[in-house]
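Below is the file run_12.cif, which contains mmCIF, C-alpha atoms and all ligand atoms.
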data_work
#
loop_
_atom_site.label_atom_id
_atom_site.label_comp_id
_atom_site.auth_asym_id
_atom_site.auth_seq_id
_atom_site.Cartn_x
_atom_site.Cartn_y
_atom_site.Cartn_z
CA MET A 1 -158.52 87.14 221.32
CA PRO A 2 -161.90 87.59 222.94
CA ILE A 3 -162.48 91.22 223.92
CA PRO A 4 -163.64 91.39 227.54
CA ALA A 5 -166.28 93.81 228.77
CA LEU A 6 -164.87 96.94 230.38
CA SER A 7 -166.14 95.66 233.72
CA ASP A 8 -164.06 92.48 233.33
CA LEU A 9 -160.59 93.87 232.62
CA LEU A 10 -158.11 91.54 234.25
CA GLY A 11 -156.67 92.99 237.46
CA GLN A 12 -157.31 96.67 236.59
CA PRO A 13 -160.26 97.70 238.78
CA GLU A 14 -159.49 101.43 238.64
CA ALA A 15 -159.03 101.71 234.88
CA SER A 16 -162.06 99.49 234.44
CA ALA A 17 -164.30 101.66 236.65
CA PHE A 18 -163.05 104.87 235.08
CA LEU A 19 -163.60 103.73 231.49
CA SER A 20 -167.02 102.25 232.26
CA GLY A 21 -167.96 105.62 233.73
CA VAL A 22 -166.79 107.45 230.60
CA VAL A 23 -168.94 105.20 228.40
CA ALA A 24 -171.94 105.49 230.75
CA ARG A 25 -171.82 109.29 230.61
CA ALA A 26 -170.96 109.22 226.89
CA ARG A 27 -168.79 112.28 227.36
CA TYR A 28 -165.54 111.64 225.65
CA ALA A 29 -162.20 113.43 225.66
CA ASN A 30 -160.48 113.71 222.28
CA ALA A 31 -157.68 111.42 223.40
CA TYR A 32 -156.83 108.97 226.16
CA LEU A 33 -153.40 107.78 227.17
CA PHE A 34 -153.34 104.29 228.69
CA GLN A 35 -150.07 104.12 230.59
CA GLY A 36 -148.50 101.45 232.76
CA PRO A 37 -146.00 98.59 232.58
CA ALA A 38 -145.79 96.41 229.47
CA GLY A 39 -148.07 93.41 229.27
CA VAL A 40 -150.70 94.31 231.85
CA GLY A 41 -153.67 94.64 229.49
CA LYS A 42 -153.57 98.19 228.12
CA GLY A 43 -154.09 96.99 224.54
CA THR A 44 -156.97 94.73 225.51
CA ALA A 45 -158.54 97.55 227.50
CA ALA A 46 -158.22 99.80 224.45
CA LEU A 47 -160.20 97.27 222.40
CA ALA A 48 -162.81 96.87 225.14
CA PHE A 49 -163.21 100.63 225.31
CA ALA A 50 -163.39 100.94 221.51
CA ARG A 51 -166.06 98.27 221.32
CA ALA A 52 -168.14 100.01 223.98
CA VAL A 53 -167.84 103.33 222.15
CA LEU A 54 -168.77 101.81 218.78
CA CYS A 55 -171.71 99.64 219.94
CA ASP A 56 -174.93 100.59 218.12
CA ARG A 57 -177.25 99.87 220.99
CA SER A 58 -175.36 100.71 224.13
CA GLY A 59 -176.35 104.36 224.55
CA GLY A 60 -174.32 104.60 227.72
CA ALA A 61 -174.89 101.00 228.78
CA PRO A 62 -172.21 98.33 228.50
CA PRO A 63 -171.87 97.12 224.86
CA CYS A 64 -174.47 94.56 223.88
CA GLY A 65 -172.03 92.17 222.22
CA ARG A 66 -174.60 91.19 219.60
CA CYS A 67 -175.22 94.18 217.34
CA PRO A 68 -173.46 94.35 213.96
CA ALA A 69 -171.03 96.94 215.33
CA CYS A 70 -170.06 94.74 218.28
CA LEU A 71 -169.54 91.74 216.02
CA LYS A 72 -167.33 93.74 213.67
CA SER A 73 -165.29 95.22 216.55
CA ALA A 74 -164.77 91.75 217.98
CA ARG A 75 -163.25 90.70 214.64
CA LEU A 76 -161.16 93.90 214.57
CA GLN A 77 -162.98 94.66 211.33
CA HIS A 78 -165.18 97.62 212.20
CA PRO A 79 -164.63 100.26 209.50
CA ASP A 80 -164.46 102.97 212.18
CA LEU A 81 -161.96 101.13 214.36
CA LYS A 82 -158.45 102.05 213.25
CA PHE A 83 -155.09 100.79 214.43
CA LEU A 84 -151.56 102.04 214.46
CA PHE A 85 -148.91 99.75 215.89
CA PRO A 86 -145.17 99.22 215.47
CA VAL A 87 -144.09 96.91 212.70
CA SER A 88 -140.73 95.87 211.36
CA GLY A 89 -139.70 94.76 207.89
CA GLU A 90 -139.66 96.25 204.45
CA GLU A 91 -141.99 98.95 203.26
CA LYS A 92 -143.29 96.86 200.35
CA ASP A 93 -144.42 94.08 202.71
CA LEU A 94 -146.19 96.38 205.16
CA ASP A 95 -149.76 95.58 204.12
CA GLU A 96 -149.09 91.90 204.49
CA THR A 97 -147.29 92.30 207.83
CA ILE A 98 -150.11 94.38 209.25
CA ALA A 99 -152.82 92.00 208.01
CA ALA A 100 -150.93 89.03 209.47
CA THR A 101 -150.54 90.77 212.84
CA LEU A 102 -154.23 91.68 212.97
CA ALA A 103 -155.17 88.11 212.06
CA ALA A 104 -152.96 86.70 214.82
CA TRP A 105 -154.34 89.23 217.29
CA ARG A 106 -157.88 88.22 216.32
CA GLU A 107 -157.42 84.45 216.26
CA ASP A 108 -154.98 83.69 219.06
CA PRO A 109 -156.44 84.11 222.55
CA LEU A 110 -152.90 84.20 224.01
CA PHE A 111 -151.42 86.54 221.39
CA VAL A 112 -148.57 88.70 222.61
CA PHE A 113 -147.13 91.58 220.60
CA SER A 114 -143.39 91.12 220.34
CA TYR A 115 -140.93 93.03 218.27
CA GLU A 116 -138.23 90.78 216.83
CA LYS A 117 -136.42 93.54 215.02
CA ALA A 118 -136.40 97.28 215.37
CA ALA A 119 -140.07 98.11 215.03
CA SER A 120 -141.77 101.45 214.71
CA ILE A 121 -145.11 102.97 213.79
CA ARG A 122 -144.57 103.68 210.11
CA LEU A 123 -144.82 107.11 208.66
CA SER A 124 -146.61 105.95 205.50
CA ILE A 125 -149.33 104.19 207.51
CA THR A 126 -149.80 107.18 209.81
CA ARG A 127 -150.16 109.44 206.77
CA ASP A 128 -152.81 107.22 205.18
CA LEU A 129 -154.74 107.13 208.40
CA LEU A 130 -154.62 110.89 208.95
CA ARG A 131 -155.91 111.42 205.42
CA GLU A 132 -158.85 109.15 206.16
CA LEU A 133 -159.71 111.11 209.29
CA ALA A 134 -160.66 114.07 207.14
CA PHE A 135 -163.80 112.15 206.12
CA LYS A 136 -166.82 111.33 208.26
CA PRO A 137 -166.90 107.96 210.03
CA PHE A 138 -168.56 105.21 207.99
CA GLU A 139 -171.09 103.79 210.43
CA ALA A 140 -170.53 105.00 213.97
CA GLN A 141 -170.87 108.49 215.41
CA ARG A 142 -167.18 108.61 215.99
CA ARG A 143 -164.13 106.76 214.85
CA VAL A 144 -161.81 105.15 217.40
CA VAL A 145 -158.09 105.18 216.65
CA VAL A 146 -156.02 102.84 218.81
CA VAL A 147 -152.30 103.63 218.78
CA ARG A 148 -150.37 100.80 220.38
CA ASP A 149 -146.94 101.56 221.88
CA ALA A 150 -147.37 105.17 220.86
CA ASP A 151 -143.82 105.96 222.03
CA ARG A 152 -142.44 104.26 218.91
CA MET A 153 -143.02 107.12 216.52
CA ARG A 154 -140.95 109.78 214.82
CA GLU A 155 -141.09 113.44 215.81
CA ASP A 156 -142.91 114.58 212.68
CA GLN A 157 -145.58 111.92 213.20
CA TYR A 158 -146.29 113.31 216.66
CA SER A 159 -146.90 116.79 215.37
CA ALA A 160 -149.26 115.48 212.68
CA MET A 161 -151.06 113.37 215.25
CA LEU A 162 -151.30 116.29 217.65
CA LYS A 163 -152.98 118.36 214.97
CA ALA A 164 -155.53 115.60 214.38
CA ILE A 165 -156.21 115.25 218.12
CA GLU A 166 -156.73 118.97 218.54
CA GLU A 167 -158.92 119.42 215.47
CA PRO A 168 -162.08 121.18 216.66
CA GLY A 169 -165.22 119.15 216.08
CA ALA A 170 -163.16 116.11 215.21
CA SER A 171 -165.15 112.91 215.06
CA SER A 172 -162.26 110.70 216.14
CA LEU A 173 -161.46 109.42 219.58
CA TRP A 174 -157.82 108.51 220.15
CA VAL A 175 -156.59 105.81 222.50
CA LEU A 176 -152.82 105.77 222.89
CA THR A 177 -151.08 103.06 224.89
CA THR A 178 -147.54 103.17 226.22
CA ALA A 179 -145.27 101.58 228.79
CA ARG A 180 -142.91 104.55 228.49
CA PRO A 181 -144.92 107.75 228.73
CA SER A 182 -141.82 109.88 229.28
CA ARG A 183 -140.79 109.19 225.69
CA LEU A 184 -143.91 110.83 224.35
CA PRO A 185 -143.67 114.56 223.69
CA ALA A 186 -145.13 116.63 226.52
CA THR A 187 -147.46 118.28 224.01
CA ILE A 188 -149.11 114.92 223.30
CA ARG A 189 -149.26 113.87 226.95
CA SER A 190 -150.87 117.09 228.02
CA ARG A 191 -153.68 116.70 225.45
CA CYS A 192 -154.60 113.21 226.65
CA GLN A 193 -156.76 112.10 229.51
CA LYS A 194 -154.49 109.69 231.40
CA VAL A 195 -155.63 106.24 232.45
CA ARG A 196 -153.19 104.34 234.63
CA PHE A 197 -152.63 100.61 234.56
CA ALA A 198 -150.90 98.72 237.34
CA PRO A 199 -148.69 95.61 237.39
CA LEU A 200 -150.91 92.53 237.75
CA PRO A 201 -150.99 90.59 241.01
CA GLU A 202 -148.95 87.41 240.86
CA ASP A 203 -151.86 85.16 241.88
CA LEU A 204 -153.94 86.48 239.07
CA ILE A 205 -151.22 85.72 236.51
CA ALA A 206 -150.72 82.23 237.93
CA ASP A 207 -154.48 81.56 237.72
CA PHE A 208 -154.66 82.87 234.19
CA LEU A 209 -151.76 80.65 233.12
CA SER A 210 -153.29 77.51 234.57
CA GLU A 211 -156.89 78.20 233.58
CA ARG A 212 -156.45 79.67 230.12
CA ALA A 213 -153.00 78.66 228.93
CA GLY A 214 -153.10 75.06 230.16
CA ILE A 215 -149.98 75.34 232.32
CA THR A 216 -149.83 73.15 235.42
CA ALA A 217 -149.83 74.78 238.82
CA ARG A 218 -146.14 74.71 239.73
CA PRO A 219 -144.61 76.10 236.52
CA ALA A 220 -147.48 78.59 236.44
CA ARG A 221 -146.43 79.85 239.89
CA MET A 222 -142.84 80.20 238.82
CA LEU A 223 -143.70 82.00 235.61
CA ALA A 224 -145.95 84.33 237.55
CA ALA A 225 -143.15 85.09 239.99
CA LEU A 226 -140.70 85.82 237.17
CA SER A 227 -143.20 87.86 235.21
CA GLY A 228 -142.88 90.92 237.45
CA GLY A 229 -146.61 91.58 237.10
CA SER A 230 -146.67 91.35 233.30
CA LEU A 231 -148.94 88.72 231.80
CA ALA A 232 -147.34 89.22 228.38
CA ARG A 233 -143.91 88.43 229.82
CA ALA A 234 -145.27 85.30 231.53
CA LEU A 235 -146.83 84.14 228.25
CA THR A 236 -143.65 84.78 226.29
CA LEU A 237 -141.50 83.07 228.88
CA ARG A 238 -143.59 79.92 228.81
CA GLU A 239 -142.09 79.07 225.43
CA GLN A 240 -138.58 79.13 226.82
CA ASP A 241 -137.23 77.65 230.01
CA PRO A 242 -137.75 80.68 232.21
CA LEU A 243 -135.52 79.60 235.05
CA ALA A 244 -132.65 78.72 232.71
CA LEU A 245 -132.96 82.11 231.04
CA ARG A 246 -133.08 83.85 234.41
CA ASN A 247 -129.96 81.98 235.49
CA GLN A 248 -128.18 83.01 232.29
CA ALA A 249 -129.08 86.60 233.04
CA LEU A 250 -127.67 86.40 236.55
CA ALA A 251 -124.53 84.64 235.27
CA LEU A 252 -123.89 87.72 233.11
CA LEU A 253 -124.47 90.04 236.00
CA GLU A 254 -121.85 88.41 238.16
CA PRO A 255 -118.68 89.22 236.08
CA ALA A 256 -120.21 92.59 235.19
CA LEU A 257 -120.44 93.62 238.82
CA ARG A 258 -116.97 92.24 239.53
CA GLY A 259 -115.63 94.50 236.78
CA ASP A 260 -114.34 91.57 234.72
CA PRO A 261 -115.09 92.30 231.03
CA ALA A 262 -113.10 89.31 229.70
CA THR A 263 -115.23 86.77 231.58
CA LEU A 264 -118.33 88.78 230.77
CA TRP A 265 -117.59 88.62 227.04
CA LYS A 266 -116.93 84.88 227.28
CA THR A 267 -120.19 84.28 229.16
CA LEU A 268 -122.07 86.32 226.60
CA GLY A 269 -120.43 84.27 223.82
CA ARG A 270 -121.76 81.09 225.37
CA LEU A 271 -125.30 82.24 224.65
CA GLY A 272 -124.64 81.74 220.95
CA ARG A 273 -126.65 84.21 218.89
CA PRO A 274 -129.38 85.03 221.34
CA GLY A 275 -131.61 87.32 219.25
CA ARG A 276 -133.29 90.52 220.24
CA GLU A 277 -136.17 89.12 222.27
CA THR A 278 -133.88 86.92 224.34
CA ILE A 279 -131.55 89.83 225.08
CA ARG A 280 -134.58 91.88 226.04
CA ARG A 281 -135.64 89.16 228.49
CA LEU A 282 -132.11 89.03 229.96
CA VAL A 283 -132.12 92.78 230.51
CA GLU A 284 -135.56 92.59 232.06
CA PHE A 285 -134.38 89.95 234.50
CA HIS A 286 -131.57 92.32 235.49
CA GLN A 287 -134.09 95.09 236.01
CA LEU A 288 -136.20 92.81 238.17
CA TRP A 289 -133.12 91.90 240.16
CA LEU A 290 -132.44 95.56 240.86
CA ARG A 291 -136.06 96.14 241.71
CA ASP A 292 -135.83 93.28 244.21
CA ILE A 293 -132.85 95.02 245.79
CA LEU A 294 -134.88 98.21 246.13
CA ARG A 295 -137.74 96.29 247.66
CA ALA A 296 -135.40 94.49 250.04
CA ARG A 297 -134.03 97.85 251.14
CA TYR A 298 -137.50 98.87 252.16
CA GLY A 299 -137.96 95.63 254.10
CA ALA A 300 -140.24 93.87 251.62
CA PRO A 301 -141.08 90.27 252.56
CA ARG A 302 -139.73 87.29 250.64
CA GLU A 303 -142.98 86.73 248.68
CA SER A 304 -142.71 90.11 247.04
CA LEU A 305 -139.28 89.37 245.56
CA VAL A 306 -139.27 88.05 242.00
CA HIS A 307 -135.95 86.24 242.47
CA ARG A 308 -136.98 84.94 245.86
CA ASP A 309 -134.93 81.75 245.48
CA ARG A 310 -131.87 84.03 245.65
CA GLU A 311 -133.18 85.99 248.61
CA GLU A 312 -129.98 85.82 250.59
CA GLU A 313 -127.88 87.44 247.82
CA ILE A 314 -130.50 90.09 247.27
CA ARG A 315 -130.62 91.03 250.95
CA LYS A 316 -126.83 91.17 251.04
CA GLN A 317 -126.62 93.48 248.04
CA ALA A 318 -129.42 95.59 249.45
CA GLN A 319 -127.18 96.46 252.37
CA THR A 320 -124.41 97.87 250.19
CA LEU A 321 -126.33 99.49 247.31
CA ASP A 322 -128.28 102.63 248.01
CA ALA A 323 -131.42 103.58 246.11
CA THR A 324 -129.59 106.18 244.02
CA GLU A 325 -127.08 103.61 242.79
CA VAL A 326 -129.84 101.12 242.01
CA ARG A 327 -131.63 103.76 239.96
CA ARG A 328 -128.42 104.60 238.10
CA ARG A 329 -128.07 100.95 237.16
CA LEU A 330 -131.68 100.76 236.07
CA MET A 331 -131.02 103.72 233.84
CA VAL A 332 -128.04 101.99 232.23
CA LEU A 333 -130.22 98.95 231.50
CA GLU A 334 -133.00 101.13 230.16
CA GLU A 335 -130.49 102.51 227.67
CA VAL A 336 -129.82 99.01 226.33
CA LEU A 337 -133.51 98.54 225.65
CA ARG A 338 -133.57 101.89 223.92
CA ALA A 339 -130.47 101.11 221.85
CA MET A 340 -132.05 97.82 220.78
CA GLU A 341 -134.83 99.67 219.03
CA SER A 342 -132.39 101.06 216.53
CA ASN A 343 -130.35 98.68 214.46
CA VAL A 344 -127.41 98.18 216.78
CA ALA A 345 -125.72 94.85 217.33
CA VAL A 346 -127.62 93.75 220.40
CA GLU A 347 -124.87 91.70 222.01
CA VAL A 348 -122.54 94.69 221.81
CA ALA A 349 -125.15 96.99 223.34
CA LEU A 350 -125.67 94.56 226.20
CA PHE A 351 -121.95 94.09 226.73
CA SER A 352 -121.21 97.79 226.84
CA ALA A 353 -124.07 98.42 229.23
CA LEU A 354 -123.06 95.61 231.54
CA THR A 355 -119.49 96.84 231.74
CA ARG A 356 -120.90 100.21 232.82
CA LEU A 357 -123.11 98.74 235.51
CA ALA A 358 -120.44 98.70 238.17
CA ASP A 359 -118.95 102.00 237.03
CA ARG A 360 -120.06 104.69 239.41
CA SER A 361 -118.26 107.50 237.66
CA LEU A 362 -121.43 108.57 235.86
CA GLU A 363 -122.57 111.73 237.59
CA THR A 364 -126.07 112.10 238.89
CA ASP A 365 -126.66 115.38 237.08
CA SER A 366 -125.78 113.84 233.71
CA TRP A 367 -128.83 111.60 233.93
CA PRO A 368 -131.73 112.08 231.60
CA PRO A 369 -134.79 113.51 233.38
CA HIS A 370 -136.65 110.21 233.46
CA PRO A 371 -134.15 107.44 234.24
CA THR A 372 -136.80 104.75 233.99
CA ASP A 373 -140.50 104.44 234.21
CA ARG A 374 -140.86 100.85 233.15
CA TRP A 375 -141.69 99.76 236.63
CA ALA A 376 -143.72 101.24 239.40
CA TYR A 377 -141.72 101.03 242.59
ZN ZN B 401 -173.38 96.28 220.42
#
What would the structure in this file look like if it were written as C-alpha cells?
Amino acid sequence: MPIPALSDLLGQPEASAFLSGVVARARYANAYLFQGPAGVGKGTAALAFARAVLCDRSGGAPPCGRCPACLKSARLQHPDLKFLFPVSGEEKDLDETIAATLAAWREDPLFVFSYEKAASIRLSITRDLLRELAFKPFEAQRRVVVVRDADRMREDQYSAMLKAIEEPGASSLWVLTTARPSRLPATIRSRCQKVRFAPLPEDLIADFLSERAGITARPARMLAALSGGSLARALTLREQDPLALRNQALALLEPALRGDPATLWKTLGRLGRPGRETIRRLVEFHQLWLRDILRARYGAPRESLVHRDREEEIRKQAQTLDATEVRRRLMVLEEVLRAMESNVAVEVALFSALTRLADRSLETDSWPPHPTDRWAY
C-alpha cells in the first residue's frame, strides 16, 4: 500500500490537520490513540504519521519521501518502526504469519486486515517488543510503535504497555488504533492524546472504488451505500455479492423479530457453514439496519439510509421502536461480535443473540456502561 502524506488522508480533514500540526511543531506526546469506526483509515494514518516522524530531512516539514528513512518506512522496514497487530494461529507459526501479513500490507494497495479466526495481539510478541524498547533507537531520534486494534490485548499486556508509555525520557512514540475505545483500560486511554476519525462520506468511497479498485460506477455506488462509511467494509464486500449477503441478513432478522426461533434456525441452516467473516458481515448489516431506524426517527432523508431500497419498512419500524430499544438491540449485536473473538461456535452465538433481539425483558440498568461505540450516531 502506498503511504499517503498526512495532508492527503482520505476523508479525514481534522485528523490530517491535527497530525500535520504535531509534526510541524515536532512536539510529541508519548502516545496517541486513533479512534473511530473500523475501516476509515486509522491504520493508514498511523503509517503516514510514523513516516513523517521518522523522516531524516523533514525537521518539521512534511516528509520528503526520498530519504533513506522515508524509503524504509514506505516498505514497512524501518528498524525504528515497530508493529503490534492481532494475529491468529499457532504460536510456532507466528513469525511466518506476521511476515506474511506485513508483506501483504506492503504489496497490496487494497489490503484489508481481516480476522478469520479469533485473533489477538500476542503476549510473546509484545514481550519481545518491550524488551527492545529498553535500547536506544537504531537510526531515528525516536522509535514509533504502531499498535493496530489495540483493544485486542490481554490485561497484563496493558499494564506492561502502560509502563513503557509512561517511562520518563522514553524514546518511543506510541500510536494505538481502535474502533472500540471503551474496551481499552481507562488508564491507557487517559495517557493517550486522542485523535478522532470519522466515517467516510459515501461519495468518497464510491469514487475510491471506481478509481482505484476498478469497480464500475453502479456497483461502486451500491457498495458505498452498504459500507456504512467504512472503506474496508466496501473493499471486503466487493468479493462477495453484497446485496445477496445483505438480503440474507435481513431474512434472518425477520423470524428473529417475530419471535420464531424454529424458522430462524432453519434460515440460519440454509447459509451452510458461513464462517466468521460472513457472520460478522451479517451482524454488521443488522447494526446498519438499526442505525437506519435511529436516523429515520430523527427525520433523516432517504439518501442517508444505508438500506434505502427498504425505506418503507425502515420508516414503519422507526415509528414503533424508540431510541432506547434500538440501542438495546445494538448492544445485543455488539455482544455477538465480542463473543466471536473467543472460540465460540459462531452460528450458535448469532442464533442466541437473534432470539434475544425481540426480547425486551433485559433491564436498562443491567447494560454494560458502553453499549456500543462502533458507530457514531
Ligand atoms: Zn524523508
Exercise. Can you tell me which residues sit at most 10 Å away from ligand ZN 401 (chain B), counting all atoms listed in the file, written as number ranges by chain?
Worked result: A: 51-59, 61-73
Problem set entry | For A:Gln35, the nearest of the candidates A:Ala17, A:Val175, A:Ala170, A:Ala217, counting only C-alpha atoms |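 Checking each of A:Ala17, A:Val175, A:Ala170, A:Ala217 against A:Gln35, counting only C-alpha atoms, the winner is A:Val175.
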With the cut-off set at 12 Å and counting only C-alpha atoms, tabulate each residue of stretch 175-253 of chain A with an atom at most that distance from an atom of stretch 150-154 of chain A, showing the nearest atom pair and its distance in Å to one decimal, ordered by chain and increasing number, as a tab-separated table.
residue	atom	partner	partner_atom	distance
A:Val175	CA	A:Ala150	CA	9.4
A:Leu176	CA	A:Ala150	CA	5.8
A:Thr177	CA	A:Ala150	CA	5.9
A:Thr178	CA	A:Ala150	CA	5.7
A:Ala179	CA	A:Asp151	CA	8.2
A:Arg180	CA	A:Asp151	CA	6.7
A:Pro181	CA	A:Asp151	CA	7.0
A:Ser182	CA	A:Asp151	CA	8.5
A:Arg183	CA	A:Asp151	CA	5.7
A:Leu184	CA	A:Asp151	CA	5.4
A:Pro185	CA	A:Asp151	CA	8.8
A:Ala186	CA	A:Asp151	CA	11.7
A:Ile188	CA	A:Ala150	CA	10.2
A:Arg189	CA	A:Ala150	CA	10.8
Exercise. Which of these residues is nearest to A:Arg338, using all atoms listed in the file: A:Lys163, A:Arg276, A:Arg191, A:Arg356?
Worked result: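 Smallest separation from A:Arg338 among the options: A:Arg276.
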Counting all atoms listed in the file, which residues of stretch 144-224 of chain A sit at most 8 Å from some atom of stretch 81-90 of chain A, and what is each one's closest atom pair with its distance in Å to one decimal, listed by chain and rising residue number, as a tab-separated table?
residue	atom	partner	partner_atom	distance
A:Val144	CA	A:Leu81	CA	5.0
A:Val145	CA	A:Lys82	CA	4.6
A:Val146	CA	A:Phe83	CA	4.9
A:Val147	CA	A:Leu84	CA	4.7
A:Arg148	CA	A:Phe85	CA	4.8
A:Asp149	CA	A:Phe85	CA	6.6
A:Ala150	CA	A:Phe85	CA	7.5
A:Arg152	CA	A:Pro86	CA	6.7
For this session: Name the residues within 7 Å of (-145.4, 96.5, 232.9), counting all atoms listed in the file in the file's coordinates, and put them as a ChimeraX atom specification.
Result: /A:36-40,179,199,229-230,374-375
I need the residues from that last selection saved to file as a PDB file, keeping the file's coordinate frame (with C-alpha atoms), if you can.
ATOM      1  CA  GLY A  36    -148.500 101.450 232.760  1.00  0.00           C
ATOM      2  CA  PRO A  37    -146.000  98.590 232.580  1.00  0.00           C
ATOM      3  CA  ALA A  38    -145.790  96.410 229.470  1.00  0.00           C
ATOM      4  CA  GLY A  39    -148.070  93.410 229.270  1.00  0.00           C
ATOM      5  CA  VAL A  40    -150.700  94.310 231.850  1.00  0.00           C
ATOM      6  CA  ALA A 179    -145.270 101.580 228.790  1.00  0.00           C
ATOM      7  CA  PRO A 199    -148.690  95.610 237.390  1.00  0.00           C
ATOM      8  CA  GLY A 229    -146.610  91.580 237.100  1.00  0.00           C
ATOM      9  CA  SER A 230    -146.670  91.350 233.300  1.00  0.00           C
ATOM     10  CA  ARG A 374    -140.860 100.850 233.150  1.00  0.00           C
ATOM     11  CA  TRP A 375    -141.690  99.760 236.630  1.00  0.00           C
TER      12      TRP A 375
END
Seminar exercise, completed: Counting all atoms listed in the file, closest pick from A:Gly275, A:Gly43, A:Pro201, A:Pro109 relative to A:Gly11 is A:Pro201
For this session: Grab the atom CA of A:Ala24 to atom CA of A:Leu231 distance for me, in Å with one decimal place.
Result: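 Spanning atom CA of A:Ala24 to atom CA of A:Leu231 is a straight-line distance of 28.5 Å.
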